[in-house]
$ cat protein.txt   # compact mmCIF, C-alpha atoms and all ligand atoms
# COMPACT_ATOMS: atom_id res chain seq x y z
CA MET A 1 45.31 330.59 226.99
CA ASP A 2 48.25 329.64 229.17
CA LYS A 3 49.10 332.98 230.80
CA LYS A 4 52.43 332.00 232.35
CA THR A 5 53.73 330.42 229.16
CA GLU A 6 52.42 333.33 227.11
CA ALA A 7 54.34 335.73 229.38
CA ILE A 8 57.52 333.68 228.87
CA LEU A 9 57.03 333.72 225.09
CA GLU A 10 56.49 337.45 225.17
CA LYS A 11 59.63 337.98 227.25
CA HIS A 12 61.60 336.22 224.53
CA GLY A 13 59.91 338.13 221.72
CA TYR A 14 58.21 334.98 220.35
CA ARG A 15 61.57 334.08 218.77
CA ARG A 16 61.89 330.49 217.64
CA SER A 17 65.65 330.81 218.04
CA SER A 18 65.08 331.35 221.79
CA ILE A 19 63.37 327.99 222.21
CA ILE A 20 65.97 326.65 224.67
CA ARG A 21 65.73 329.75 226.84
CA ILE A 22 61.94 329.58 226.68
CA MET A 23 62.04 325.94 227.80
CA THR A 24 64.49 326.83 230.57
CA ASP A 25 62.08 329.47 231.88
CA ILE A 26 59.16 327.04 231.76
CA GLN A 27 61.18 324.50 233.68
CA GLU A 28 62.15 327.11 236.28
CA GLU A 29 58.48 327.98 236.72
CA TYR A 30 57.19 324.40 237.10
CA ASN A 31 60.35 322.46 238.02
CA TYR A 32 59.76 320.36 234.89
CA LEU A 33 58.30 320.74 231.40
CA PRO A 34 54.57 320.00 231.51
CA GLN A 35 53.34 318.56 228.23
CA GLU A 36 50.46 321.03 227.88
CA ASN A 37 52.90 323.96 228.10
CA LEU A 38 55.13 322.45 225.43
CA THR A 39 52.10 321.90 223.21
CA TYR A 40 51.17 325.55 223.69
CA VAL A 41 54.69 326.69 222.75
CA SER A 42 54.64 324.41 219.72
CA ARG A 43 51.38 325.95 218.50
CA ARG A 44 52.34 329.57 219.18
CA LEU A 45 55.82 329.39 217.64
CA LYS A 46 54.89 326.88 214.96
CA ILE A 47 57.68 324.54 216.01
CA PRO A 48 56.82 320.83 215.67
CA LEU A 49 56.18 319.25 219.07
CA SER A 50 58.52 316.40 218.11
CA LYS A 51 61.37 318.93 217.77
CA ILE A 52 60.61 320.40 221.20
CA PHE A 53 60.57 316.90 222.72
CA SER A 54 63.88 316.04 221.12
CA ILE A 55 65.44 319.17 222.67
CA ALA A 56 63.88 318.24 226.03
CA THR A 57 65.37 314.76 225.94
CA PHE A 58 68.77 315.87 224.59
CA TYR A 59 69.59 318.23 227.46
CA ALA A 60 69.90 316.48 230.82
CA ALA A 61 68.87 319.68 232.60
CA PHE A 62 65.35 319.36 231.21
CA SER A 63 62.80 317.00 232.68
CA LEU A 64 59.54 315.86 231.12
CA TYR A 65 58.38 314.48 234.45
CA PRO A 66 57.59 316.26 237.70
CA ARG A 67 60.61 316.60 239.91
CA GLY A 68 60.78 316.75 243.66
CA LYS A 69 61.87 319.82 245.58
CA HIS A 70 65.44 318.49 245.84
CA LEU A 71 67.22 316.91 242.91
CA VAL A 72 69.80 314.25 243.80
CA THR A 73 72.06 313.35 240.89
CA VAL A 74 74.43 310.42 241.16
CA CYS A 75 77.20 310.04 238.60
CA SER A 76 77.35 306.54 237.19
CA GLY A 77 80.22 307.24 234.79
CA THR A 78 83.27 304.99 234.60
CA ALA A 79 85.49 306.84 237.11
CA CYS A 80 82.69 307.03 239.64
CA PHE A 81 81.76 303.40 239.03
CA VAL A 82 85.34 302.23 239.58
CA ARG A 83 85.42 304.14 242.88
CA GLY A 84 82.31 302.45 244.20
CA VAL A 85 79.42 304.73 243.34
CA GLU A 86 77.13 301.67 243.22
CA ASN A 87 77.20 301.38 247.01
CA VAL A 88 76.49 305.06 247.39
CA LEU A 89 73.59 304.86 244.94
CA SER A 90 72.00 301.88 246.66
CA ARG A 91 72.35 303.63 250.02
CA ILE A 92 70.51 306.66 248.62
CA GLU A 93 67.85 304.41 247.10
CA ASP A 94 67.39 302.69 250.46
CA ARG A 95 67.26 305.94 252.39
CA LEU A 96 64.77 307.58 250.03
CA GLY A 97 62.83 304.38 249.37
CA ILE A 98 62.87 304.92 245.60
CA LYS A 99 64.86 303.76 242.59
CA ALA A 100 66.93 306.07 240.37
CA GLY A 101 64.68 307.86 237.90
CA SER A 102 61.84 308.46 240.32
CA THR A 103 60.51 310.88 242.92
CA THR A 104 59.58 310.26 246.56
CA PRO A 105 55.81 310.18 247.19
CA ASP A 106 56.08 313.35 249.31
CA ASN A 107 57.69 315.10 246.30
CA LEU A 108 60.74 316.06 248.33
CA PHE A 109 63.44 314.20 246.41
CA THR A 110 64.00 313.15 242.83
CA LEU A 111 66.85 310.72 242.25
CA GLU A 112 68.61 310.62 238.89
CA THR A 113 71.79 309.16 237.47
CA VAL A 114 73.98 310.71 234.78
CA ASN A 115 76.87 309.36 232.77
CA CYS A 116 79.67 311.73 233.73
CA LEU A 117 79.54 315.04 235.54
CA GLY A 118 82.91 316.05 234.13
CA ALA A 119 84.66 316.15 237.50
CA CYS A 120 86.07 312.62 237.59
CA ALA A 121 88.93 313.60 239.94
CA LEU A 122 86.30 313.97 242.65
CA ALA A 123 84.76 310.55 241.98
CA PRO A 124 82.43 309.23 243.20
CA ILE A 125 80.21 312.28 242.98
CA VAL A 126 76.73 313.08 244.17
CA VAL A 127 75.13 316.44 243.39
CA VAL A 128 72.22 317.78 245.42
CA ASP A 129 70.47 320.87 244.08
CA GLY A 130 73.59 321.83 242.14
CA GLU A 131 75.97 321.38 245.09
CA TYR A 132 78.78 318.89 244.39
CA TYR A 133 79.74 316.32 247.02
CA GLY A 134 82.94 314.60 245.95
CA GLN A 135 84.53 311.38 247.24
CA ALA A 136 81.08 310.39 248.37
CA THR A 137 80.81 307.50 250.79
CA VAL A 138 77.83 305.80 252.40
CA GLN A 139 78.59 307.69 255.64
CA LYS A 140 78.84 311.03 253.87
CA ILE A 141 75.57 310.35 252.08
CA ASP A 142 73.79 309.74 255.37
CA THR A 143 75.03 313.10 256.68
CA ILE A 144 74.02 314.91 253.48
CA LEU A 145 70.53 313.42 253.34
CA ASP A 146 70.05 314.09 257.06
CA LYS A 147 70.98 317.72 256.45
CA TYR A 148 68.30 318.11 253.76
CA ARG A 149 65.70 316.24 255.80
CA ASN A 150 66.42 318.38 258.88
CA GLU A 151 66.11 321.55 256.83
CA GLU A 152 62.72 320.37 255.63
CA ASN A 153 61.57 319.50 259.14
CA SER A 154 62.62 322.87 260.52
CA GLU A 155 60.81 324.61 257.62
CA THR A 156 57.59 322.74 258.32
CA THR A 157 57.72 323.39 262.07
CA HIS A 158 58.09 327.18 261.61
S1 LIG B 1 82.63 309.56 235.81
FE1 LIG B 1 81.72 310.60 237.46
S2 LIG B 1 82.36 312.63 237.14
FE2 LIG B 1 83.19 311.59 235.46

$ encode --input "protein.txt" --output "structure tokens"
Amino acid sequence: MDKKTEAILEKHGYRRSSIIRIMTDIQEEYNYLPQENLTYVSRRLKIPLSKIFSIATFYAAFSLYPRGKHLVTVCSGTACFVRGVENVLSRIEDRLGIKAGSTTPDNLFTLETVNCLGACALAPIVVVDGEYYGQATVQKIDTILDKYRNEENSETTH
């Protein structure tokens, strides 16, 4: 029995209609949706696994793969593209040493792209852990990534 997932199901009264909230809680617990937990939910609530997977892939907030501690989201929508987000993205890829859609080997950063964050006036936009950084430039990105790296270093030296 998967105790954590069982507790989440119980919290939501084993309601099939609460499936999105159940998945949200699982993701909060693990930082992504582990397949074995989704299989467990599917069995307990008698919801086809294929349906749960289609919900997981429909909502960008869900991830079927492990995510790093910090989530870096780069908007690659039209407005951001026109204002040069490509340069910003390749700078982030260089700095982190990974391509969009992957996680650094130390599990600190996951880099993702999305189509439009709905705040085109601020283009180009980078979001780190839910914090929006508008009019992003290569210089700004360096400062932002340094800030997160420094925070990590000071956490590990305490
Ligand atoms: S295109 Fe980037 S926020 Fe809309």

$ closest_residue --input "protein.txt" --among "A:Ile22, A:Leu71, A:Val114, A:Ala79" --to "Glu10 of chain A" --atoms "all atoms listed in the file"
A:Ile22

$ residues_near_ligand --input "protein.txt" --ligand "ligand LIG 1 (chain B)" --cutoff "9 Å" --atoms "all atoms listed in the file" --output "list in words"
Val74, Cys75, Ser76, Gly77, Thr78, Ala79, Cys80, Phe81, Val82, Val85, Val114, Asn115, Cys116, Leu117, Gly118, Ala119, Cys120, Ala121, Leu122, Ala123, Pro124, Ile125 and Val126 of chain A

$ write_last_selection --input "protein.txt" --atoms "C-alpha atoms" --output "tab-separated table (two decimals), keeping the file's coordinate frame"
chain	number	residue	atom	x	y	z
A	74	VAL	CA	74.43	310.42	241.16
A	75	CYS	CA	77.20	310.04	238.60
A	76	SER	CA	77.35	306.54	237.19
A	77	GLY	CA	80.22	307.24	234.79
A	78	THR	CA	83.27	304.99	234.60
A	79	ALA	CA	85.49	306.84	237.11
A	80	CYS	CA	82.69	307.03	239.64
A	81	PHE	CA	81.76	303.40	239.03
A	82	VAL	CA	85.34	302.23	239.58
A	85	VAL	CA	79.42	304.73	243.34
A	114	VAL	CA	73.98	310.71	234.78
A	115	ASN	CA	76.87	309.36	232.77
A	116	CYS	CA	79.67	311.73	233.73
A	117	LEU	CA	79.54	315.04	235.54
A	118	GLY	CA	82.91	316.05	234.13
A	119	ALA	CA	84.66	316.15	237.50
A	120	CYS	CA	86.07	312.62	237.59
A	121	ALA	CA	88.93	313.60	239.94
A	122	LEU	CA	86.30	313.97	242.65
A	123	ALA	CA	84.76	310.55	241.98
A	124	PRO	CA	82.43	309.23	243.20
A	125	ILE	CA	80.21	312.28	242.98
A	126	VAL	CA	76.73	313.08	244.17

$ closest_residue --input "protein.txt" --among "A:Thr73, A:Ser90, A:Thr104, A:Thr143" --to "Gly130 of chain A" --atoms "all atoms listed in the file"
A:Thr73

$ closest_residue --input "protein.txt" --among "A:Thr57, A:Thr5, A:Thr113, A:Ser50" --to "Glu28 of chain A" --atoms "all atoms listed in the file"
A:Thr5

$ atom_distance --input "protein.txt" --atom1 "atom CA of Arg95 of chain A" --atom2 "atom CA of Lys147 of chain A"
13.0 Å

$ build_atoms --input "protein.txt" --residues "segment 97-115 of chain A" --atoms "N, CA and C atoms" --output "compact mmCIF listing (two decimals), in the frame of the given file"
# COMPACT_ATOMS: atom_id res chain seq x y z
N GLY A 97 63.89 305.35 249.66
CA GLY A 97 62.83 304.38 249.37
C GLY A 97 62.37 304.42 247.93
N ILE A 98 63.23 304.87 247.03
CA ILE A 98 62.87 304.92 245.60
C ILE A 98 64.06 304.43 244.78
N LYS A 99 63.79 304.13 243.52
CA LYS A 99 64.86 303.76 242.59
C LYS A 99 65.26 305.00 241.79
N ALA A 100 66.48 304.97 241.22
CA ALA A 100 66.93 306.07 240.37
C ALA A 100 65.92 306.28 239.25
N GLY A 101 65.63 307.55 238.95
CA GLY A 101 64.68 307.86 237.90
C GLY A 101 63.29 308.11 238.46
N SER A 102 63.17 308.19 239.79
CA SER A 102 61.84 308.46 240.32
C SER A 102 61.88 309.50 241.45
N THR A 103 60.69 309.81 241.93
CA THR A 103 60.51 310.88 242.92
C THR A 103 59.82 310.31 244.15
N THR A 104 60.22 310.77 245.34
CA THR A 104 59.58 310.26 246.56
C THR A 104 58.10 310.68 246.58
N PRO A 105 57.24 309.86 247.19
CA PRO A 105 55.81 310.18 247.19
C PRO A 105 55.49 311.55 247.80
N ASP A 106 56.35 312.03 248.73
CA ASP A 106 56.08 313.35 249.31
C ASP A 106 56.64 314.48 248.44
N ASN A 107 57.16 314.11 247.25
CA ASN A 107 57.69 315.10 246.30
C ASN A 107 58.89 315.88 246.81
N LEU A 108 59.58 315.33 247.79
CA LEU A 108 60.74 316.06 248.33
C LEU A 108 62.00 315.80 247.53
N PHE A 109 62.20 314.55 247.10
CA PHE A 109 63.44 314.20 246.41
C PHE A 109 63.17 313.50 245.08
N THR A 110 63.94 313.90 244.08
CA THR A 110 64.00 313.15 242.83
C THR A 110 65.42 312.62 242.72
N LEU A 111 65.53 311.35 242.37
CA LEU A 111 66.85 310.72 242.25
C LEU A 111 67.12 310.39 240.79
N GLU A 112 68.25 310.87 240.29
CA GLU A 112 68.61 310.62 238.89
C GLU A 112 70.06 310.15 238.81
N THR A 113 70.38 309.47 237.72
CA THR A 113 71.79 309.16 237.47
C THR A 113 72.18 309.81 236.15
N VAL A 114 73.46 310.17 236.05
CA VAL A 114 73.98 310.71 234.78
C VAL A 114 75.28 309.98 234.45
N ASN A 115 75.71 310.12 233.21
CA ASN A 115 76.87 309.36 232.77
C ASN A 115 78.23 309.88 233.21
